[in-house]
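For reference, query-v3.cif (mmCIF, C-alpha atoms):
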data_target
loop_
_atom_site.label_atom_id
_atom_site.label_comp_id
_atom_site.auth_asym_id
_atom_site.auth_seq_id
_atom_site.Cartn_x
_atom_site.Cartn_y
_atom_site.Cartn_z
CA MET A 28 2.30 24.59 -9.53
CA ALA A 29 0.95 24.26 -6.01
CA GLU A 30 2.11 26.58 -3.27
CA SER A 31 4.37 25.56 -0.36
CA ARG A 32 3.62 25.11 3.31
CA GLN A 33 4.21 28.82 3.92
CA ASN A 34 1.42 29.70 1.49
CA PRO A 35 -1.20 26.93 1.68
CA LEU A 36 -3.92 26.28 -0.84
CA HIS A 37 -7.53 26.64 0.25
CA ALA A 38 -10.42 24.51 -0.98
CA ASP A 39 -13.84 23.50 0.23
CA VAL A 40 -13.10 19.81 -0.39
CA ALA A 41 -9.81 17.93 -0.74
CA VAL A 42 -10.19 14.51 -2.35
CA ILE A 43 -7.19 12.22 -1.88
CA GLY A 44 -7.22 9.70 -4.71
CA GLY A 45 -8.10 10.06 -8.39
CA GLY A 46 -9.54 6.63 -9.10
CA ILE A 47 -13.12 6.34 -10.27
CA ILE A 48 -14.45 6.70 -6.69
CA GLY A 49 -12.40 9.84 -6.00
CA LEU A 50 -13.35 11.30 -9.37
CA GLY A 51 -17.03 10.63 -8.74
CA ILE A 52 -16.85 12.28 -5.31
CA ALA A 53 -14.98 15.29 -6.69
CA HIS A 54 -17.59 15.58 -9.45
CA GLU A 55 -20.43 15.56 -6.93
CA ALA A 56 -18.73 18.15 -4.71
CA ARG A 57 -18.19 20.40 -7.72
CA ARG A 58 -21.80 19.84 -8.78
CA GLN A 59 -22.79 21.21 -5.38
CA GLY A 60 -20.85 24.38 -6.18
CA ARG A 61 -17.83 23.66 -3.98
CA SER A 62 -14.19 24.26 -4.80
CA VAL A 63 -12.35 20.95 -5.03
CA VAL A 64 -8.77 19.74 -5.25
CA LEU A 65 -8.04 16.25 -6.54
CA ILE A 66 -4.80 14.91 -5.06
CA ASP A 67 -3.23 12.19 -7.19
CA PRO A 68 -0.01 12.11 -9.26
CA THR A 69 -1.59 9.86 -11.92
CA PRO A 70 -5.42 9.87 -11.81
CA ALA A 71 -7.32 6.84 -13.11
CA SER A 72 -4.14 4.76 -13.52
CA GLY A 73 -4.83 2.12 -10.87
CA ALA A 74 -7.78 -0.27 -10.62
CA THR A 75 -9.87 2.14 -12.72
CA PHE A 76 -7.47 1.70 -15.65
CA ALA A 77 -7.92 -2.07 -15.59
CA ALA A 78 -11.63 -2.29 -14.74
CA ALA A 79 -14.08 -3.77 -17.26
CA GLY A 80 -16.86 -1.46 -16.07
CA MET A 81 -19.66 -3.95 -15.56
CA LEU A 82 -22.59 -2.42 -13.66
CA ALA A 83 -23.86 -5.74 -12.43
CA PRO A 84 -25.67 -5.78 -9.07
CA VAL A 85 -27.51 -8.96 -10.03
CA SER A 86 -24.57 -10.96 -11.34
CA GLU A 87 -22.33 -9.74 -8.51
CA LEU A 88 -24.64 -11.00 -5.77
CA HIS A 89 -22.65 -13.28 -3.48
CA TYR A 90 -23.80 -15.38 -0.58
CA GLN A 91 -23.99 -13.53 2.77
CA GLU A 92 -23.57 -10.10 1.17
CA GLU A 93 -27.17 -8.92 1.44
CA ASP A 94 -26.28 -5.53 2.92
CA LEU A 95 -23.88 -4.90 0.07
CA LEU A 96 -26.59 -5.90 -2.42
CA GLU A 97 -28.82 -3.06 -1.20
CA LEU A 98 -26.00 -0.60 -1.78
CA MET A 99 -25.32 -2.00 -5.25
CA LEU A 100 -28.98 -1.82 -6.25
CA GLU A 101 -29.19 1.77 -5.01
CA SER A 102 -26.16 2.70 -7.07
CA SER A 103 -27.48 0.90 -10.14
CA GLN A 104 -30.59 3.07 -10.06
CA LEU A 105 -28.44 6.22 -9.84
CA TRP A 106 -26.39 5.50 -12.96
CA PRO A 107 -28.65 7.14 -15.60
CA ALA A 108 -28.79 10.43 -13.69
CA PHE A 109 -25.07 10.22 -12.90
CA ILE A 110 -24.22 9.83 -16.59
CA ARG A 111 -26.45 12.79 -17.48
CA SER A 112 -24.57 14.93 -14.96
CA VAL A 113 -21.17 14.09 -16.43
CA GLN A 114 -19.51 16.23 -19.08
CA GLY A 115 -20.18 14.53 -22.43
CA SER A 116 -22.77 12.08 -23.70
CA GLU A 117 -23.62 8.46 -23.02
CA SER A 118 -21.53 7.43 -26.02
CA ALA A 119 -18.58 9.47 -24.70
CA THR A 120 -18.58 7.42 -21.49
CA GLY A 121 -19.31 4.06 -23.10
CA TYR A 122 -22.48 3.70 -21.02
CA ARG A 123 -24.70 0.88 -22.30
CA THR A 124 -27.99 -0.41 -20.96
CA THR A 125 -28.05 -3.60 -23.00
CA SER A 126 -28.76 -6.60 -20.80
CA THR A 127 -26.19 -9.17 -19.72
CA ILE A 128 -26.41 -12.82 -20.69
CA ALA A 129 -25.05 -15.46 -18.29
CA VAL A 130 -24.05 -18.83 -19.73
CA GLY A 131 -22.66 -22.10 -18.44
CA ALA A 132 -20.22 -24.42 -20.18
CA ASP A 133 -21.23 -27.82 -18.81
CA ALA A 134 -23.81 -29.55 -16.63
CA ALA A 135 -22.07 -28.59 -13.38
CA ASP A 136 -21.96 -24.96 -14.46
CA ARG A 137 -25.65 -25.15 -15.35
CA ARG A 138 -26.46 -26.37 -11.82
CA ALA A 139 -24.29 -23.68 -10.25
CA LEU A 140 -25.98 -20.90 -12.21
CA ALA A 141 -29.42 -22.36 -11.48
CA ASP A 142 -28.60 -22.44 -7.76
CA LEU A 143 -27.40 -18.85 -7.93
CA ARG A 144 -30.64 -17.86 -9.68
CA ILE A 145 -32.60 -19.22 -6.70
CA VAL A 146 -30.60 -16.93 -4.40
CA GLN A 147 -31.03 -14.01 -6.79
CA GLN A 148 -34.78 -14.52 -7.04
CA ALA A 149 -35.06 -14.79 -3.24
CA ALA A 150 -33.45 -11.33 -3.13
CA GLY A 151 -36.08 -10.01 -5.54
CA LEU A 152 -33.77 -9.91 -8.54
CA HIS A 153 -34.89 -10.59 -12.10
CA VAL A 154 -33.04 -13.42 -13.87
CA GLU A 155 -34.81 -15.33 -16.62
CA PRO A 156 -33.70 -18.53 -18.36
CA VAL A 157 -33.56 -18.39 -22.14
CA SER A 158 -33.39 -21.31 -24.51
CA LEU A 159 -30.04 -22.11 -26.10
CA ARG A 160 -31.59 -21.39 -29.48
CA GLU A 161 -32.71 -17.94 -28.35
CA ALA A 162 -29.33 -17.25 -26.78
CA ARG A 163 -27.57 -18.05 -30.05
CA GLU A 164 -30.04 -15.96 -32.01
CA ARG A 165 -29.11 -13.03 -29.80
CA GLU A 166 -25.39 -13.85 -29.89
CA PRO A 167 -24.67 -16.00 -32.97
CA LEU A 168 -21.01 -16.55 -32.06
CA LEU A 169 -21.79 -18.25 -28.75
CA SER A 170 -20.59 -21.82 -28.72
CA PRO A 171 -23.26 -24.38 -29.67
CA GLN A 172 -21.94 -26.47 -26.77
CA ILE A 173 -23.01 -24.14 -23.93
CA SER A 174 -25.28 -25.83 -21.40
CA CYS A 175 -27.57 -22.96 -20.33
CA ALA A 176 -28.28 -19.25 -20.68
CA PHE A 177 -29.95 -16.62 -18.49
CA ASP A 178 -31.00 -13.08 -19.31
CA ILE A 179 -30.14 -10.37 -16.74
CA PRO A 180 -31.73 -7.12 -17.96
CA ALA A 181 -30.63 -4.97 -15.00
CA ASP A 182 -26.88 -5.54 -15.49
CA HIS A 183 -25.30 -2.90 -17.74
CA GLN A 184 -21.83 -1.48 -18.45
CA VAL A 185 -19.69 1.63 -18.80
CA ASP A 186 -16.15 2.22 -20.05
CA PRO A 187 -14.17 3.32 -16.96
CA ARG A 188 -11.31 4.86 -18.91
CA ARG A 189 -13.62 6.99 -21.01
CA LEU A 190 -15.74 7.89 -18.01
CA ALA A 191 -12.65 8.97 -16.09
CA ARG A 192 -11.61 11.23 -18.96
CA CYS A 193 -15.06 12.81 -19.02
CA LEU A 194 -14.98 13.41 -15.27
CA LEU A 195 -11.52 15.01 -15.48
CA GLU A 196 -12.66 17.20 -18.37
CA GLY A 197 -15.68 18.26 -16.34
CA LEU A 198 -13.52 19.16 -13.35
CA SER A 199 -11.30 21.32 -15.56
CA ALA A 200 -14.27 23.10 -17.17
CA HIS A 201 -14.06 26.33 -15.18
CA GLY A 202 -11.89 29.44 -15.04
CA PRO A 203 -9.96 31.61 -12.57
CA SER A 204 -12.94 33.91 -12.14
CA ASP A 205 -15.17 31.04 -10.93
CA ALA A 206 -15.75 30.41 -7.23
CA THR A 207 -14.78 26.77 -7.77
CA TRP A 208 -11.27 27.64 -8.98
CA VAL A 209 -8.48 26.78 -6.52
CA SER A 210 -5.56 29.12 -7.00
CA GLY A 211 -2.27 27.25 -7.18
CA ALA A 212 -3.76 23.98 -8.45
CA GLU A 213 -3.41 22.83 -12.05
CA ASP A 214 -6.56 23.74 -14.00
CA GLY A 215 -7.91 25.07 -10.70
CA PHE A 216 -8.36 21.59 -9.21
CA ALA A 217 -5.52 19.10 -9.86
CA LEU A 218 -2.62 18.46 -7.49
CA PRO A 219 -0.25 15.80 -8.92
CA PHE A 220 1.23 14.77 -5.57
CA GLN A 221 1.02 11.94 -3.08
CA ALA A 222 -0.74 12.74 0.19
CA SER A 223 1.56 12.53 3.18
CA ARG A 224 -0.53 13.17 6.29
CA LEU A 225 -3.75 14.68 7.52
CA LEU A 226 -3.67 18.02 9.33
CA TRP A 227 -5.69 18.63 12.47
CA ASP A 228 -7.08 21.74 14.12
CA GLY A 229 -8.11 20.59 17.57
CA ASP A 230 -10.50 17.66 17.22
CA ARG A 231 -11.26 18.16 13.50
CA VAL A 232 -9.32 17.47 10.33
CA SER A 233 -8.36 20.72 8.64
CA GLY A 234 -6.64 19.53 5.50
CA VAL A 235 -3.75 17.51 4.18
CA GLU A 236 -0.01 17.86 3.68
CA LEU A 237 1.43 16.47 0.45
CA HIS A 238 4.81 14.99 -0.32
CA PRO A 239 7.07 17.69 -1.77
CA GLY A 240 7.32 17.85 -5.52
CA THR A 241 10.45 18.27 -7.57
CA LYS A 242 10.12 22.06 -7.59
CA THR A 243 9.37 22.57 -3.91
CA ASP A 244 11.62 22.48 -0.86
CA SER A 245 8.88 21.62 1.60
CA GLY A 246 5.55 19.86 1.69
CA VAL A 247 2.54 21.35 -0.07
CA VAL A 248 -0.35 22.08 2.26
CA VAL A 249 -4.05 22.14 1.43
CA LEU A 250 -6.48 23.56 3.96
CA ALA A 251 -9.99 22.25 3.38
CA SER A 252 -13.32 22.20 5.15
CA GLU A 253 -13.64 18.51 4.21
CA THR A 254 -10.94 15.97 3.40
CA VAL A 255 -11.99 12.74 1.68
CA VAL A 256 -9.58 9.79 1.83
CA ALA A 257 -10.42 7.85 -1.35
CA CYS A 258 -7.01 6.52 -2.37
CA GLY A 259 -7.70 2.78 -2.33
CA LEU A 260 -4.97 0.67 -0.75
CA ASP A 261 -2.97 3.78 0.12
CA ALA A 262 -5.69 4.98 2.50
CA ALA A 263 -4.26 3.02 5.43
CA ARG A 264 -0.82 4.55 4.79
CA ILE A 265 -1.90 8.18 5.17
CA GLY A 266 -0.23 9.74 8.20
CA ASN A 267 -2.18 11.24 11.10
CA LEU A 268 -5.30 9.14 10.68
CA PRO A 269 -7.35 9.05 13.89
CA GLU A 270 -5.32 7.17 16.47
CA GLY A 271 -6.18 3.47 16.55
CA LEU A 272 -8.25 3.52 13.35
CA ASN A 273 -7.93 0.15 11.59
CA LEU A 274 -8.47 0.16 7.83
CA PRO A 275 -7.94 -3.56 7.00
CA LEU A 276 -7.28 -3.29 3.27
CA ARG A 277 -5.66 -6.05 1.26
CA PRO A 278 -4.60 -6.09 -2.41
CA VAL A 279 -6.57 -8.49 -4.60
CA TYR A 280 -4.98 -8.59 -8.04
CA GLY A 281 -6.81 -9.19 -11.26
CA ASP A 282 -5.51 -9.91 -14.75
CA ILE A 283 -7.62 -8.52 -17.59
CA LEU A 284 -7.24 -8.59 -21.36
CA ARG A 285 -8.23 -6.26 -24.19
CA LEU A 286 -8.56 -7.61 -27.72
CA ARG A 287 -9.47 -6.16 -31.11
CA VAL A 288 -12.21 -7.85 -33.11
CA PRO A 289 -11.36 -8.14 -36.84
CA GLN A 290 -13.83 -6.56 -39.21
CA HIS A 291 -15.28 -9.84 -40.46
CA LEU A 292 -16.24 -10.87 -36.90
CA GLN A 293 -17.80 -7.60 -35.78
CA PRO A 294 -19.74 -7.49 -33.63
CA LEU A 295 -18.30 -10.44 -31.76
CA ILE A 296 -21.05 -10.02 -29.18
CA THR A 297 -23.59 -7.27 -28.51
CA SER A 298 -24.23 -7.99 -24.82
CA THR A 299 -21.89 -8.60 -21.94
CA VAL A 300 -21.41 -12.36 -21.64
CA ARG A 301 -20.75 -13.65 -18.13
CA GLY A 302 -19.86 -17.30 -18.08
CA MET A 303 -19.05 -20.18 -15.80
CA VAL A 304 -16.49 -22.63 -17.21
CA ARG A 305 -15.78 -25.67 -15.05
CA GLY A 306 -16.76 -23.62 -12.01
CA VAL A 307 -14.52 -20.65 -12.87
CA PRO A 308 -16.13 -17.31 -13.79
CA VAL A 309 -15.12 -15.41 -16.92
CA TYR A 310 -16.68 -12.47 -18.73
CA ILE A 311 -16.47 -10.86 -22.16
CA VAL A 312 -17.49 -7.20 -22.43
CA PRO A 313 -17.99 -5.53 -25.86
CA ARG A 314 -16.81 -1.97 -26.44
CA ASP A 315 -18.05 0.60 -28.94
CA ASP A 316 -14.63 0.79 -30.63
CA GLY A 317 -14.65 -2.80 -31.86
CA THR A 318 -12.67 -4.24 -28.96
CA VAL A 319 -13.67 -6.58 -26.16
CA VAL A 320 -12.51 -6.90 -22.57
CA ILE A 321 -11.98 -10.35 -21.09
CA GLY A 322 -11.57 -10.79 -17.37
CA ALA A 323 -10.82 -11.17 -14.70
CA THR A 324 -8.71 -13.35 -12.50
CA GLN A 325 -8.69 -12.89 -8.75
CA ARG A 326 -5.46 -13.67 -6.94
CA GLU A 327 -3.60 -12.74 -3.79
CA ASP A 328 -0.24 -14.28 -4.69
CA GLY A 329 1.90 -11.15 -4.44
CA LEU A 330 3.20 -11.55 -8.03
CA SER A 331 2.13 -8.01 -8.95
CA ALA A 332 2.94 -6.35 -5.63
CA SER A 333 5.54 -3.89 -6.93
CA THR A 334 5.24 -3.93 -10.73
CA ASN A 335 1.62 -4.73 -11.63
CA ALA A 336 2.99 -7.87 -13.30
CA VAL A 337 0.53 -9.93 -15.33
CA SER A 338 0.21 -13.61 -14.52
CA ALA A 339 0.99 -15.92 -17.47
CA GLY A 340 -1.35 -18.49 -15.98
CA GLY A 341 -4.05 -15.87 -15.64
CA VAL A 342 -3.79 -14.88 -19.31
CA TYR A 343 -3.94 -18.53 -20.36
CA GLN A 344 -6.96 -19.19 -18.15
CA LEU A 345 -8.89 -16.19 -19.46
CA LEU A 346 -8.27 -16.97 -23.12
CA ARG A 347 -8.98 -20.67 -22.64
CA ASP A 348 -12.27 -20.13 -20.84
CA ALA A 349 -13.45 -17.29 -23.08
CA GLN A 350 -12.91 -19.53 -26.12
CA VAL A 351 -15.06 -22.23 -24.55
CA LEU A 352 -17.97 -19.77 -24.57
CA VAL A 353 -17.14 -17.85 -27.76
CA PRO A 354 -14.75 -19.90 -29.92
CA ALA A 355 -14.04 -16.95 -32.26
CA VAL A 356 -12.04 -15.34 -29.43
CA ALA A 357 -9.10 -17.36 -30.83
CA GLU A 358 -9.18 -15.14 -33.95
CA LEU A 359 -8.92 -11.82 -32.09
CA GLU A 360 -5.85 -9.60 -31.81
CA LEU A 361 -4.47 -9.37 -28.27
CA LEU A 362 -3.86 -5.68 -27.59
CA GLU A 363 -3.20 -5.49 -23.89
CA ALA A 364 -2.79 -7.58 -20.76
CA THR A 365 -3.12 -5.60 -17.55
CA ALA A 366 -3.00 -6.35 -13.84
CA ARG A 367 -4.02 -4.05 -11.01
CA ALA A 368 -4.84 -4.42 -7.33
CA ARG A 369 -8.34 -3.91 -5.98
CA PRO A 370 -8.67 -2.85 -2.32
CA GLY A 371 -10.46 -5.66 -0.46
CA THR A 372 -11.85 -5.68 3.09
CA PRO A 373 -12.67 -8.64 5.39
CA ASP A 374 -16.38 -8.51 4.46
CA ASN A 375 -15.85 -7.36 0.84
CA ALA A 376 -17.81 -4.17 1.56
CA PRO A 377 -16.46 -0.61 1.39
CA LEU A 378 -15.17 1.52 4.25
CA LEU A 379 -17.42 4.50 3.71
CA GLY A 380 -18.40 7.37 5.97
CA ARG A 381 -17.17 9.42 8.88
CA VAL A 382 -15.04 8.14 11.75
CA THR A 383 -16.21 8.15 15.36
CA GLY A 384 -14.22 10.45 17.67
CA PRO A 385 -14.34 11.33 21.38
CA GLU A 386 -17.18 13.82 20.84
CA GLY A 387 -19.01 11.91 18.14
CA THR A 388 -18.08 11.85 14.48
CA ILE A 389 -14.82 13.56 13.58
CA ASP A 390 -15.51 16.70 11.58
CA GLY A 391 -13.70 17.40 8.36
CA LEU A 392 -12.86 13.76 7.50
CA VAL A 393 -14.61 11.19 5.30
CA ILE A 394 -13.21 7.77 4.36
CA ALA A 395 -14.19 6.17 1.03
CA THR A 396 -12.14 3.09 0.18
CA GLY A 397 -12.23 -0.70 0.09
CA PHE A 398 -14.64 -1.00 -2.85
CA PHE A 399 -12.97 -4.22 -4.07
CA ARG A 400 -14.61 -5.52 -7.26
CA HIS A 401 -17.51 -3.03 -7.09
CA GLY A 402 -15.70 0.31 -7.45
CA VAL A 403 -17.18 1.32 -10.80
CA LEU A 404 -20.69 0.15 -9.98
CA LEU A 405 -20.70 1.94 -6.61
CA THR A 406 -19.31 5.26 -7.85
CA PRO A 407 -22.67 7.12 -8.05
CA VAL A 408 -23.84 5.99 -4.62
CA ALA A 409 -20.45 6.70 -3.04
CA ALA A 410 -20.55 10.19 -4.52
CA LYS A 411 -24.10 10.70 -3.25
CA ILE A 412 -23.29 9.44 0.26
CA VAL A 413 -20.16 11.57 0.58
CA GLY A 414 -21.97 14.55 -0.92
CA GLY A 415 -24.65 14.13 1.74
CA LEU A 416 -22.09 13.88 4.54
CA ILE A 417 -20.30 17.08 3.56
CA SER A 418 -23.69 18.79 3.26
CA GLY A 419 -24.73 17.61 6.73
CA SER A 420 -27.36 15.08 5.63
CA ALA A 421 -26.14 11.57 6.40
CA ASP A 422 -28.30 8.63 5.25
CA PRO A 423 -28.58 6.21 8.21
CA ARG A 424 -29.07 3.24 5.87
CA TRP A 425 -25.37 3.19 5.06
CA SER A 426 -23.94 3.46 8.59
CA ILE A 427 -23.29 -0.31 8.42
CA PHE A 428 -20.39 0.48 6.10
CA GLY A 429 -18.72 2.82 8.62
CA PRO A 430 -14.93 2.95 8.13
CA ASP A 431 -14.24 2.19 11.80
CA ARG A 432 -16.31 -1.00 11.96
CA PHE A 433 -13.15 -3.14 12.19
CA THR A 434 -11.53 -0.98 14.86
CA ALA A 435 -11.32 -2.71 18.23
CA THR A 436 -11.63 0.58 20.12
CA ARG A 437 -14.67 1.74 18.20
CA ASP A 438 -16.94 1.58 21.26
CA HIS A 439 -14.47 3.70 23.21
CA ARG A 440 -14.26 6.37 20.51
CA LEU A 441 -11.12 7.06 18.51
CA GLN A 442 -8.81 9.92 19.40
CA PRO A 443 -7.51 12.58 17.04
CA ALA A 444 -4.00 11.85 15.84
CA ILE A 445 -2.17 15.16 16.30
CA LYS A 446 -3.61 18.56 17.07
CA ASP A 447 -1.64 20.84 14.80
CA THR A 448 -2.23 23.72 12.48
CA PRO A 449 0.07 24.47 9.56
#
Would you give me this structure, written as structure tokens?
Amino acid sequence: MAESRQNPLHADVAVIGGGIIGLGIAHEARRQGRSVVLIDPTPASGATFAAAGMLAPVSELHYQEEDLLELMLESSQLWPAFIRSVQGSESATGYRTTSTIAVGADAADRRALADLRIVQQAAGLHVEPVSLREAREREPLLSPQISCAFDIPADHQVDPRRLARCLLEGLSAHGPSDATWVSGAEDGFALPFQASRLLWDGDRVSGVELHPGTKTDSGVVVLASETVVACGLDAARIGNLPEGLNLPLRPVYGDILRLRVPQHLQPLITSTVRGMVRGVPVYIVPRDDGTVVIGATQREDGLSASTNAVSAGGVYQLLRDAQVLVPAVAELELLEATARARPGTPDNAPLLGRVTGPEGTIDGLVIATGFFRHGVLLTPVAAKIVGGLISGSADPRWSIFGPDRFTATRDHRLQPAIKDTP
């Protein structure tokens, strides 16, 4: 159990948030030989738990998001090395490099996908049309009524739940005699608490205070050389952020389904199928265990605000549209319907980097949140960027994603919140 305020824990890096982004950053910091604490009462239980895990920089290209595309492509190239660095094998993480096939249901969907291909090709991306006969040879259970098909070889997938388990196992793979072990943390790294507020020592962040646990009378304190705020929507709620810093995060909920494929239909599909059905996107992602993931709706209706409630209309829409593309979906066993919130920003790009202070960038603090629908895909590049920042080697290409870019006082430099030392 963690120590109290009177006896703080000490770590090189404190990562607030145990979603896939926080886990990736903690993994990279540990890979650099640093001691790390991961602060989260239930790691990988938020958006990571629901995510389908598509690594799809090509399919996820949206109009007027060219800067984000460069970041996605960079991260896509990092995935093979990232997987090799993770405890376990490719099969343990569900990492697959099979290509994605995009299909349209009707003539309007065919035109929409063709128009998107023009944009994708203009960005230098590889998307090739395939005949309907070839598409059904590759995926025999595709509907014979689909209107078009495109091959996207650069779009792959991973299983976020399995990857998260591998990352947690890797973080726990050390002992008390190792320099990376943090005394007072579970398994030398885990702190199952909510972060309460940042701690400051003059103009730099010196750590974080946690909400007291059931066995402590006062807040737990972690003193760290670097504190990384990677807790999704909760990032804006952390106390003692730099005064005036605006982190405009909004919850965008998504319903997602998991279904078991009966033996006589296996494999239902071998590639990820991304479809357009009457203008509405839907995808079907195969898993190694004989299940498929169907997703995902995108809504901001507040239905799931407190309970992660699943939308009945969302479930109906997903099953209806998936059956249009793969009619055998009607014969699958529905195992799970899940809804989680993804942290969106006004420009759909992450808030990633250091914050500007009165004397330049504020030391000891990195923000990594707002990854919206790209959290899994961007995990390796987020880990690399944050790893570079804490090592003193910032990559200027990614300054456009600075976490203070929506702060009105950015040009006047933000002030530290409170100058205190525990």
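Residues matched by the PyMOL selection byres ((chain A and resi 125) around 12) in this structure: A:Met81, A:Leu82, A:Ala83, A:Gly121, A:Tyr122, A:Arg123, A:Thr124, A:Ser126, A:Thr127, A:Ile128, A:Arg165, A:Asp178, A:Ile179, A:Pro180, A:Ala181, A:Asp182, A:His183, A:Gln184, A:Val185, A:Ile296, A:Thr297, A:Ser298, A:Thr299, A:Val300, A:Val312, A:Pro313, A:Arg314.
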Task: Between CA of Ala323 (chain A) and CA of Ile283 (chain A), distance in Å (one decimal) - done: 5.1 Å
- [ ] Please evaluate the PyMOL selection byres ((chain A and resi 42) around 7) against the displayed coordinates and give the resulting residues as a ChimeraX atom specification.
- [x] /A:40-41,43-44,49,53,64-66,254-257
Open item on the list: For the PyMOL selection byres ((chain A and resi 216) around 9), applied here, can you spell out every residue it catches as a PyMOL selection string?
Closed with: chain A and resi 38+62-66+198-199+207-215+217-218
Output, as AutoDock Vina command-line options, the centre and edge lengths in Å (one decimal) of the axis-aligned box that contains all listed atoms of region 129-136 of chain A with 8 Å of margin on each side.
--center_x -22.6 --center_y -22.5 --center_z -16.8 --size_x 20.8 --size_y 30.1 --size_z 22.8
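Of note, CA of Ala132 (chain A) and CA of Thr318 (chain A) are spaced 23.3 Å apart.
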Task: Top pick for closest residue to Arg424 (chain A), considering A:Glu97, A:Ser103, A:Val157, A:Ala77 and counting all atoms listed in the file - done: A:Glu97
